[in-house]
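J.: My questions all concern the structure below.
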Amino acid sequence: MSKSSAVAERGRKDPELQTLLNDICAGYRLSDEDALRLFSVNDREVWEIARAADERRERVVGNRVTYVLNQNINVTNYCINSCGFCGFSRKPGNEGGYYYTLDQIQQKAAIAKQRKVTEICTVSGLHPDFDAGFYRDIIAAIRAGAPGVHIHASNPMEVAYAARQSSISTREVLEMLKEAGLGSMCGTAAEILVDDIRRVICPGKISTAEWIRIIKEAHRLGIRTTATIMYGHCETVQDKVRHLAILRDIQDETGGFTEFVPLSFIHMNTPLYRSGIARAGATGREDLLMIAVTRLFLDTINHIQVSWVKTGTKMAQLGLLAGADDLGGTMFEESISKGAGAKNTDYLDPREMERIVADIGRPLLQRDTLYNLI
Ligand code: SF4
C-alpha cells in the first residue's frame with residue numbers, strides 16, 4: 001500500500017464502529033468485547049467515541065460541570081505495605097515519615113471548616129499501630145473539629161486492615177465508622193481488580209473478591225462509595241475491561257456508587273516504574289478513552305470525574321468534552337499523588353475551574369459529596 005493510500009485508509013470512517021456508536025446512542029448496552037474494541041481505537045475515530053460519550057453525558061446529567069470544596073487529611077504515611085505504585089508511604093525511621101495526632105487532626109478539620117469545605121477526605125498509610133478503634137477516633141476527631149462537614153474516608157483495604165488488627169468483622173468496622181460520623185467511603189484500593197495484576201503491583205493488598213465483598217457490604221449498610229480504577233502501569237486493555245465489568249455488576253446490584261473516578265498512574269517516584277515493570281503512565285489517547293469508554297460502558301453510574309490531580313487541568317478540560325461531568329475536589333493538601341511525583345496537586349481554585357469550564361461553554365456548579373447542588 002502506498003503512503004497516500006495508507007493515509008486515506010486511516011482517515012476513512014470504520015462502518016462497524018459507526019454502527020456500534022449509533023446503537024449505543026439508541027440505548028444498546030456495551031458488551032465487554034465492545035469495550036475492548038473501543039479502547040483499542042488509535043486514530044481519528046477516537047473523536048467519534050468522545051463525541052458519542054459527550055452526547056451520552058448531556059442526556060444523563062445535562063451541561064453542568066460540578067466540583068466539591070474539599071480538604072484531604074492523610075493522617076500518616078507510615079505503612080506496613082509496599083505497593084509498587086506508591087511514592088507516598090514510608091517505613092518507620094525513613095526520612096519524610098509523618099504522623100498527625102488526634103489533636104492535630106481535629107485542628108486541621110477545624111481549619112478546613114473555616115475554609116468552608118463541605119467534605120473532608122481521609123485515607124492514610126496502614127500504620128502498624130492503627131486498629132479499628134483508632135480509625136473510629138480519626139473520624140470522631142474530624143467530626144469534633146468540623147461538625148456538619150461530610151466525612152469521606154477509608155476504603156476497603158483500610159476496613160479489612162482495621163478488622164484484622166482488632167479481630168472483628170469488616171461489617172463491625174463499617175458500623176463503627178458510620179456511627180462515628182463516616183458519610184461515605186472511598187472506592188480506592190481497587191487499582192485493577194484482576195488478581196494477577198494485583199499480585200504484581202500491590203501484593204499486600206486485599207484480593208479482588210475481598211474488595212468487592214467489602215464494597216457491597218458498605219453499600220448494604222447505606223454507606224455509598226466512589227468507584228475508581230488506576231490505569232497506565234502494567235495492565236492490559238483486557239484487564240481494564242474486566243475491572244469495569246466488575247464495577248458495572250456491583251452497581252447493577254447495589255446502586256451504591258456515587259461516581260466513577262479514573263486515576264491515571266503517576267509513575268515518576270514509584271518502585272514499579274523504576275524497576276521497569278510499569279510503563280511511564282497512560283498516554284493522552286488512553287486518558288481520553290478512559291473517560292469516553294467508561295461514560296458509555298458504565299451506564300448506571302451517572303457521574304464521571306476527571307482527576308485534575310492526575311492528568312493536569314488541560315487534559316481534565318478535554319475529559320469534560322469526552323463524557324466527564326465533574327472536576328472533583330479543590331483539594332487543600334494533597335499528599336498521595338504528590339508523593340508519586342505529580343505536580344501542582346495541593347489546590348485548584350474554583351476560579352481556575354470556572355475558567356476551564358467557561359472556555360467550553362458550560363456552567364460550573366458547586367456540589368456536595370453525594371452530588372446535591374449547593
Ligand atoms: S498505596 Fe496505600 S497501602 Fe499501598 S503502600 Fe501506599 S499507603 Fe500503603
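Residues are named by chain letter and number: chains run A, B, ... in the order of the C-alpha cells, numbers start at 1 in each chain, and ligands are numbered from 1 in the order shown.
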Neighbours of ligand 1 within 12 Å, counting only C-alpha atoms and all ligand atoms, as a ChimeraX atom specification?

T.: /A:74-91,97,122-128,154-161,188-191,198,201-206,230,265,270-272,335-337,339-340

J.: Residues near Arg248 (chain A), anyone? I mean within 12 Å using only C-alpha atoms, not counting same-chain ones fewer than 5 positions away, as a short mmCIF file (atom, residue, chain, number, x, y, z; two decimals) with C-alpha atoms, in the first residue's frame.

T.:
```cif
data_model
loop_
_atom_site.label_atom_id
_atom_site.label_comp_id
_atom_site.auth_asym_id
_atom_site.auth_seq_id
_atom_site.Cartn_x
_atom_site.Cartn_y
_atom_site.Cartn_z
CA ARG A 29 -25.60 -1.76 26.44
CA LEU A 30 -21.97 -2.37 25.55
CA SER A 31 -20.57 -5.87 25.91
CA ASP A 32 -17.04 -6.46 27.22
CA ILE A 212 -15.94 -6.50 46.06
CA ALA A 227 -15.64 3.69 42.16
CA THR A 228 -12.09 4.03 40.83
CA VAL A 241 -12.44 -4.13 30.77
CA ARG A 242 -12.64 -6.87 33.43
CA HIS A 243 -12.33 -4.19 36.08
CA GLU A 253 -26.80 -4.97 42.25
CA THR A 254 -26.46 -2.21 44.85
CA GLY A 255 -26.69 1.20 43.16
CA GLY A 256 -24.20 2.37 45.79
CA PHE A 257 -21.57 4.08 43.64
CA GLU A 259 -19.34 8.37 40.73
CA PHE A 260 -16.53 6.81 38.77
CA THR A 294 -16.47 4.44 30.74
CA ARG A 295 -19.20 7.03 30.11
CA LEU A 296 -20.58 4.61 27.53
CA PHE A 297 -19.90 1.35 29.40
CA LEU A 298 -20.83 2.30 32.99
CA ASP A 299 -24.36 3.23 32.01
CA THR A 300 -25.73 3.11 35.55
CA ILE A 301 -23.12 5.38 37.13
CA ASN A 302 -24.27 8.91 36.39
#
```

J.: Select, from A:Glu217, A:Glu33, A:Glu235, A:Glu45, the residue with the minimum atom-to-atom distance to Gln18 (chain A), counting only C-alpha atoms.

T.: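 Using only C-alpha atoms, the shortest distance to Gln18 (chain A) belongs to A:Glu45.
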
J.: Which residues in region 98-235 of chain A does DSSP call strand (DSSP E or B)? List them as a ChimeraX atom specification.

T.: /A:99,119-122,150-153,182-185,224-231

J.: Store the residues picked out above, limited to N, CA, C and O atoms, as a JSON list (two decimals), in the first residue's frame.

T.:
```json
[["chain", "number", "residue", "atom", "x", "y", "z"],
["A", 99, "TYR", "N", 3.21, 11.81, 60.99],
["A", 99, "TYR", "CA", 2.07, 11.24, 61.70],
["A", 99, "TYR", "C", 1.35, 12.38, 62.41],
["A", 99, "TYR", "O", 1.98, 13.17, 63.11],
["A", 119, "GLU", "N", -16.57, 18.87, 52.45],
["A", 119, "GLU", "CA", -16.14, 17.47, 52.52],
["A", 119, "GLU", "C", -14.71, 17.41, 53.05],
["A", 119, "GLU", "O", -13.86, 18.19, 52.61],
["A", 120, "ILE", "N", -14.46, 16.50, 53.96],
["A", 120, "ILE", "CA", -13.09, 16.20, 54.37],
["A", 120, "ILE", "C", -12.82, 14.74, 54.02],
["A", 120, "ILE", "O", -13.61, 13.85, 54.36],
["A", 121, "CYS", "N", -11.72, 14.51, 53.31],
["A", 121, "CYS", "CA", -11.35, 13.14, 52.90],
["A", 121, "CYS", "C", -10.19, 12.68, 53.75],
["A", 121, "CYS", "O", -9.26, 13.45, 53.97],
["A", 122, "THR", "N", -10.25, 11.46, 54.17],
["A", 122, "THR", "CA", -9.08, 10.92, 54.85],
["A", 122, "THR", "C", -8.88, 9.45, 54.54],
["A", 122, "THR", "O", -9.75, 8.63, 54.73],
["A", 150, "HIS", "N", -19.21, 16.78, 55.64],
["A", 150, "HIS", "CA", -19.31, 15.38, 55.21],
["A", 150, "HIS", "C", -17.92, 14.73, 55.30],
["A", 150, "HIS", "O", -16.94, 15.27, 54.78],
["A", 151, "ILE", "N", -17.85, 13.55, 55.91],
["A", 151, "ILE", "CA", -16.56, 12.86, 56.03],
["A", 151, "ILE", "C", -16.53, 11.70, 55.03],
["A", 151, "ILE", "O", -17.31, 10.76, 55.10],
["A", 152, "HIS", "N", -15.62, 11.84, 54.07],
["A", 152, "HIS", "CA", -15.45, 10.85, 53.01],
["A", 152, "HIS", "C", -14.14, 10.14, 53.33],
["A", 152, "HIS", "O", -13.06, 10.74, 53.19],
["A", 153, "ALA", "N", -14.20, 8.92, 53.80],
["A", 153, "ALA", "CA", -12.99, 8.35, 54.39],
["A", 153, "ALA", "C", -12.89, 6.85, 54.17],
["A", 153, "ALA", "O", -13.85, 6.20, 53.77],
["A", 182, "LEU", "N", -18.80, 8.66, 59.72],
["A", 182, "LEU", "CA", -18.44, 8.45, 58.31],
["A", 182, "LEU", "C", -19.65, 8.70, 57.41],
["A", 182, "LEU", "O", -20.72, 8.14, 57.62],
["A", 183, "GLY", "N", -19.46, 9.56, 56.40],
["A", 183, "GLY", "CA", -20.57, 9.87, 55.50],
["A", 183, "GLY", "C", -20.58, 9.00, 54.26],
["A", 183, "GLY", "O", -21.62, 8.55, 53.80],
["A", 184, "SER", "N", -19.39, 8.76, 53.71],
["A", 184, "SER", "CA", -19.26, 7.89, 52.54],
["A", 184, "SER", "C", -17.83, 7.38, 52.51],
["A", 184, "SER", "O", -16.95, 7.91, 53.19],
["A", 185, "MET", "N", -17.62, 6.33, 51.71],
["A", 185, "MET", "CA", -16.30, 5.69, 51.71],
["A", 185, "MET", "C", -15.64, 5.83, 50.34],
["A", 185, "MET", "O", -16.33, 5.84, 49.31],
["A", 224, "ARG", "N", -22.46, 4.93, 50.92],
["A", 224, "ARG", "CA", -22.17, 4.99, 49.49],
["A", 224, "ARG", "C", -20.67, 5.17, 49.26],
["A", 224, "ARG", "O", -19.95, 5.63, 50.16],
["A", 225, "THR", "N", -20.22, 4.77, 48.11],
["A", 225, "THR", "CA", -18.78, 4.86, 47.82],
["A", 225, "THR", "C", -18.56, 5.38, 46.41],
["A", 225, "THR", "O", -19.47, 5.34, 45.58],
["A", 226, "THR", "N", -17.33, 5.81, 46.17],
["A", 226, "THR", "CA", -16.93, 6.09, 44.80],
["A", 226, "THR", "C", -16.45, 4.78, 44.17],
["A", 226, "THR", "O", -16.28, 3.77, 44.86],
["A", 227, "ALA", "N", -16.26, 4.82, 42.87],
["A", 227, "ALA", "CA", -15.64, 3.69, 42.16],
["A", 227, "ALA", "C", -14.43, 4.26, 41.43],
["A", 227, "ALA", "O", -14.49, 5.36, 40.89],
["A", 228, "THR", "N", -13.31, 3.52, 41.45],
["A", 228, "THR", "CA", -12.09, 4.03, 40.83],
["A", 228, "THR", "C", -11.41, 2.95, 40.00],
["A", 228, "THR", "O", -11.74, 1.76, 40.11],
["A", 229, "ILE", "N", -10.46, 3.37, 39.22],
["A", 229, "ILE", "CA", -9.53, 2.45, 38.55],
["A", 229, "ILE", "C", -8.19, 3.17, 38.51],
["A", 229, "ILE", "O", -8.17, 4.40, 38.39],
["A", 230, "MET", "N", -7.11, 2.45, 38.67],
["A", 230, "MET", "CA", -5.79, 3.04, 38.43],
["A", 230, "MET", "C", -5.20, 2.34, 37.21],
["A", 230, "MET", "O", -4.99, 1.12, 37.23],
["A", 231, "TYR", "N", -4.92, 3.10, 36.19],
["A", 231, "TYR", "CA", -4.50, 2.52, 34.91],
["A", 231, "TYR", "C", -3.28, 3.25, 34.38],
["A", 231, "TYR", "O", -2.97, 4.37, 34.82]]
```

J.: From a backbone DSSP assignment, name each residue in region 13-249 of chain A labelled alpha helix (DSSP H), as a PyMOL selection string.

T.: chain A and resi 15-25+32-39+45-61+102-114+132-145+156-166+170-180+195-201+208-220+237-249

J.: Residues near Gly281 (chain A), anyone? I mean within 8 Å using only C-alpha atoms, not counting same-chain ones fewer than 5 positions away, as a list of chain:residue names.

T.: A:Tyr231, A:Gly232, A:His233, A:Ser264, A:Phe265, A:Ile266, A:His267

J.: Would you mind listing what lies within 9 Å of Lys178 (chain A) as a PyMOL selection string, with only C-alpha atoms counted and same-chain residues fewer than 5 positions away left out?

T.: chain A and resi 136+139+173+183-184+221+223

J.: Using all heavy atoms, can you write the selected residues to a file as a compact mmCIF listing (two decimals), in the first residue's frame?

T.:
```txt
# COMPACT_ATOMS: atom_id res chain seq x y z
N ARG A 136 -11.83 4.74 64.14
CA ARG A 136 -13.05 5.41 64.63
C ARG A 136 -12.69 6.76 65.26
O ARG A 136 -13.37 7.76 65.03
CB ARG A 136 -13.75 4.51 65.66
CG ARG A 136 -15.02 5.12 66.24
CD ARG A 136 -15.42 4.44 67.53
NE ARG A 136 -14.29 4.40 68.46
CZ ARG A 136 -14.03 3.42 69.31
NH1 ARG A 136 -14.84 2.39 69.42
NH2 ARG A 136 -12.97 3.46 70.11
N ILE A 139 -12.16 9.50 62.71
CA ILE A 139 -13.45 10.05 62.21
C ILE A 139 -14.06 10.98 63.27
O ILE A 139 -14.54 12.07 62.96
CB ILE A 139 -14.45 8.91 61.89
CG1 ILE A 139 -13.85 7.92 60.89
CG2 ILE A 139 -15.80 9.46 61.43
CD1 ILE A 139 -13.88 8.30 59.47
N VAL A 173 -16.50 -3.08 61.63
CA VAL A 173 -15.68 -1.86 61.41
C VAL A 173 -16.52 -0.80 60.72
O VAL A 173 -16.56 0.36 61.13
CB VAL A 173 -14.43 -2.19 60.55
CG1 VAL A 173 -13.69 -0.90 60.20
CG2 VAL A 173 -13.51 -3.15 61.28
N GLY A 183 -19.46 9.56 56.40
CA GLY A 183 -20.57 9.87 55.50
C GLY A 183 -20.58 9.00 54.26
O GLY A 183 -21.62 8.55 53.80
N SER A 184 -19.39 8.76 53.71
CA SER A 184 -19.26 7.89 52.54
C SER A 184 -17.83 7.38 52.51
O SER A 184 -16.95 7.91 53.19
CB SER A 184 -19.60 8.65 51.25
OG SER A 184 -18.75 9.77 51.11
N LEU A 221 -25.02 -1.33 53.95
CA LEU A 221 -25.18 -0.58 55.22
C LEU A 221 -25.56 0.88 54.97
O LEU A 221 -25.61 1.69 55.90
CB LEU A 221 -23.88 -0.64 56.03
CG LEU A 221 -23.55 -1.98 56.68
CD1 LEU A 221 -22.13 -1.97 57.22
CD2 LEU A 221 -24.54 -2.30 57.80
N ILE A 223 -23.75 2.96 53.22
CA ILE A 223 -22.55 3.80 53.04
C ILE A 223 -22.23 3.80 51.55
O ILE A 223 -21.81 2.78 51.00
CB ILE A 223 -21.35 3.24 53.83
CG1 ILE A 223 -21.67 3.15 55.33
CG2 ILE A 223 -20.10 4.07 53.58
CD1 ILE A 223 -20.67 2.35 56.15
```

J.: Would you mind telling me which residue in A:Ile197, A:Ala322, A:Ala109, A:Val306 lies nearest to Ala278 (chain A) when using only C-alpha atoms?

T.: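 Nearest to Ala278 (chain A): A:Ile197.
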
J.: So that I can see what lies close to Ala50 (chain A), please list as a list in words the residues with an atom at most 9 Å from it, counting only C-alpha atoms and leaving out residues fewer than 6 positions away in the same chain.

T.: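 Listed by chain and then number, they are Leu288, Leu289, Ile291, Ala292, Val293, Gly319, Leu321, Ala322 and Gly323 of chain A.
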
J.: For the residues in the current selection, export all heavy atoms as a short mmCIF file (atom, residue, chain, number, x, y, z; two decimals), in the first residue's frame.

T.:
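And here is the file that came out, again-v8.cif:
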```
data_model
loop_
_atom_site.label_atom_id
_atom_site.label_comp_id
_atom_site.auth_asym_id
_atom_site.auth_seq_id
_atom_site.Cartn_x
_atom_site.Cartn_y
_atom_site.Cartn_z
N LEU A 288 -8.05 9.97 27.48
CA LEU A 288 -9.30 10.42 26.87
C LEU A 288 -10.28 9.25 26.69
O LEU A 288 -11.47 9.36 27.02
CB LEU A 288 -9.00 11.07 25.50
CG LEU A 288 -10.04 12.05 25.03
CD1 LEU A 288 -9.97 13.33 25.84
CD2 LEU A 288 -9.83 12.37 23.55
N LEU A 289 -9.75 8.13 26.21
CA LEU A 289 -10.64 6.97 26.00
C LEU A 289 -11.13 6.40 27.33
O LEU A 289 -12.24 5.85 27.39
CB LEU A 289 -9.93 5.88 25.18
CG LEU A 289 -9.87 6.13 23.67
CD1 LEU A 289 -9.14 4.96 22.98
CD2 LEU A 289 -11.26 6.30 23.06
N ILE A 291 -12.10 8.05 29.88
CA ILE A 291 -13.30 8.83 30.19
C ILE A 291 -14.44 8.45 29.25
O ILE A 291 -15.56 8.14 29.67
CB ILE A 291 -13.01 10.35 30.04
CG1 ILE A 291 -11.95 10.83 31.03
CG2 ILE A 291 -14.31 11.16 30.19
CD1 ILE A 291 -12.40 10.93 32.45
N ALA A 292 -14.15 8.45 27.96
CA ALA A 292 -15.21 8.27 26.97
C ALA A 292 -15.82 6.86 27.04
O ALA A 292 -17.05 6.70 27.05
CB ALA A 292 -14.66 8.54 25.57
N VAL A 293 -14.97 5.86 27.09
CA VAL A 293 -15.48 4.49 27.08
C VAL A 293 -16.24 4.19 28.37
O VAL A 293 -17.27 3.52 28.36
CB VAL A 293 -14.33 3.47 26.84
CG1 VAL A 293 -14.86 2.04 26.90
CG2 VAL A 293 -13.67 3.73 25.49
N GLY A 319 -11.23 15.99 28.98
CA GLY A 319 -12.09 14.93 29.52
C GLY A 319 -13.54 15.38 29.64
O GLY A 319 -14.47 14.60 29.45
N LEU A 321 -14.98 17.19 27.60
CA LEU A 321 -15.56 17.13 26.25
C LEU A 321 -15.68 15.69 25.76
O LEU A 321 -16.04 15.44 24.61
CB LEU A 321 -14.67 17.92 25.27
CG LEU A 321 -14.66 19.43 25.47
CD1 LEU A 321 -13.54 20.07 24.65
CD2 LEU A 321 -16.01 20.02 25.09
N ALA A 322 -15.34 14.75 26.63
CA ALA A 322 -15.34 13.34 26.22
C ALA A 322 -16.19 12.47 27.15
O ALA A 322 -15.97 11.26 27.24
CB ALA A 322 -13.90 12.82 26.18
N GLY A 323 -17.11 13.10 27.88
CA GLY A 323 -18.02 12.29 28.70
C GLY A 323 -18.01 12.59 30.18
O GLY A 323 -18.91 12.17 30.91
#
```

J.: What's around Phe39 (chain A) at 9 Å? Count only C-alpha atoms, leave out sequence neighbours fewer than 2 positions away in its own chain, and write the answer as a list of chain:residue names.

T.: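 Once the adjacent positions are removed, what remains is A:Asp34, A:Ala35, A:Leu36, A:Arg37, A:Val41, A:Asn42, A:Val46, A:Val237, A:Val241, A:Glu286, A:Leu289, A:Met290, A:Val293.
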
J.: Go ahead and write the selection's residues with all heavy atoms as a tab-separated table (two decimals), in the first residue's frame.

T.:
```
chain	number	residue	atom	x	y	z
A	34	ASP	N	-17.22	-5.14	23.09
A	34	ASP	CA	-17.38	-3.80	22.53
A	34	ASP	C	-16.42	-2.81	23.21
A	34	ASP	O	-15.81	-1.97	22.55
A	34	ASP	CB	-18.81	-3.27	22.75
A	34	ASP	CG	-19.86	-4.11	22.03
A	34	ASP	OD1	-19.54	-4.67	20.97
A	34	ASP	OD2	-20.99	-4.18	22.53
A	35	ALA	N	-16.33	-2.93	24.54
A	35	ALA	CA	-15.45	-2.01	25.27
A	35	ALA	C	-14.00	-2.22	24.84
A	35	ALA	O	-13.25	-1.26	24.64
A	35	ALA	CB	-15.59	-2.22	26.77
A	36	LEU	N	-13.62	-3.48	24.66
A	36	LEU	CA	-12.26	-3.79	24.18
A	36	LEU	C	-12.01	-3.13	22.84
A	36	LEU	O	-10.96	-2.55	22.60
A	36	LEU	CB	-12.12	-5.31	23.98
A	36	LEU	CG	-11.60	-6.14	25.13
A	36	LEU	CD1	-11.64	-7.61	24.76
A	36	LEU	CD2	-10.17	-5.73	25.47
A	37	ARG	N	-13.00	-3.24	21.98
A	37	ARG	CA	-12.91	-2.65	20.63
A	37	ARG	C	-12.70	-1.14	20.73
A	37	ARG	O	-11.84	-0.59	20.07
A	37	ARG	CB	-14.21	-2.99	19.89
A	37	ARG	CG	-14.51	-2.21	18.66
A	37	ARG	CD	-13.94	-2.90	17.44
A	37	ARG	NE	-14.25	-2.17	16.21
A	37	ARG	CZ	-13.57	-1.11	15.78
A	37	ARG	NH1	-12.57	-0.63	16.47
A	37	ARG	NH2	-13.89	-0.52	14.65
A	41	VAL	N	-9.09	1.64	19.73
A	41	VAL	CA	-9.07	2.62	18.63
A	41	VAL	C	-7.90	3.59	18.83
A	41	VAL	O	-7.69	4.11	19.94
A	41	VAL	CB	-10.41	3.39	18.59
A	41	VAL	CG1	-10.32	4.59	17.65
A	41	VAL	CG2	-11.53	2.45	18.16
A	42	ASN	N	-7.13	3.79	17.78
A	42	ASN	CA	-5.97	4.69	17.93
A	42	ASN	C	-5.79	5.63	16.75
A	42	ASN	O	-4.68	6.02	16.41
A	42	ASN	CB	-4.69	3.89	18.17
A	42	ASN	CG	-4.30	3.07	16.96
A	42	ASN	OD1	-5.06	2.98	16.00
A	42	ASN	ND2	-3.12	2.47	16.99
A	46	VAL	N	-11.11	8.10	17.55
A	46	VAL	CA	-11.14	8.44	18.99
A	46	VAL	C	-12.13	9.58	19.22
A	46	VAL	O	-12.90	9.58	20.19
A	46	VAL	CB	-9.72	8.85	19.47
A	46	VAL	CG1	-9.79	9.55	20.82
A	46	VAL	CG2	-8.81	7.64	19.53
A	237	VAL	N	-5.45	-4.00	28.14
A	237	VAL	CA	-6.79	-3.48	27.86
A	237	VAL	C	-7.84	-4.47	28.41
A	237	VAL	O	-8.88	-4.06	28.95
A	237	VAL	CB	-6.98	-3.27	26.34
A	237	VAL	CG1	-8.36	-2.74	26.04
A	237	VAL	CG2	-5.94	-2.32	25.82
A	241	VAL	N	-11.04	-3.78	31.04
A	241	VAL	CA	-12.44	-4.13	30.77
A	241	VAL	C	-12.98	-5.05	31.87
A	241	VAL	O	-14.12	-4.88	32.33
A	241	VAL	CB	-12.58	-4.76	29.37
A	241	VAL	CG1	-14.00	-5.26	29.15
A	241	VAL	CG2	-12.21	-3.73	28.30
A	286	GLU	N	-5.08	7.35	25.81
A	286	GLU	CA	-5.63	6.43	26.81
A	286	GLU	C	-6.43	7.18	27.88
A	286	GLU	O	-7.47	6.69	28.33
A	286	GLU	CB	-4.50	5.63	27.47
A	286	GLU	CG	-3.85	4.65	26.54
A	286	GLU	CD	-2.62	4.01	27.17
A	286	GLU	OE1	-1.67	4.75	27.52
A	286	GLU	OE2	-2.61	2.79	27.32
A	289	LEU	N	-9.75	8.13	26.21
A	289	LEU	CA	-10.64	6.97	26.00
A	289	LEU	C	-11.13	6.40	27.33
A	289	LEU	O	-12.24	5.85	27.39
A	289	LEU	CB	-9.93	5.88	25.18
A	289	LEU	CG	-9.87	6.13	23.67
A	289	LEU	CD1	-9.14	4.96	22.98
A	289	LEU	CD2	-11.26	6.30	23.06
A	290	MET	N	-10.33	6.53	28.38
A	290	MET	CA	-10.80	6.02	29.67
A	290	MET	C	-12.07	6.75	30.10
A	290	MET	O	-13.03	6.16	30.59
A	290	MET	CB	-9.70	6.16	30.74
A	290	MET	CG	-10.11	5.70	32.12
A	290	MET	SD	-10.79	4.02	32.20
A	290	MET	CE	-9.31	3.05	31.99
A	293	VAL	N	-14.97	5.86	27.09
A	293	VAL	CA	-15.48	4.49	27.08
A	293	VAL	C	-16.24	4.19	28.37
A	293	VAL	O	-17.27	3.52	28.36
A	293	VAL	CB	-14.33	3.47	26.84
A	293	VAL	CG1	-14.86	2.04	26.90
A	293	VAL	CG2	-13.67	3.73	25.49
```
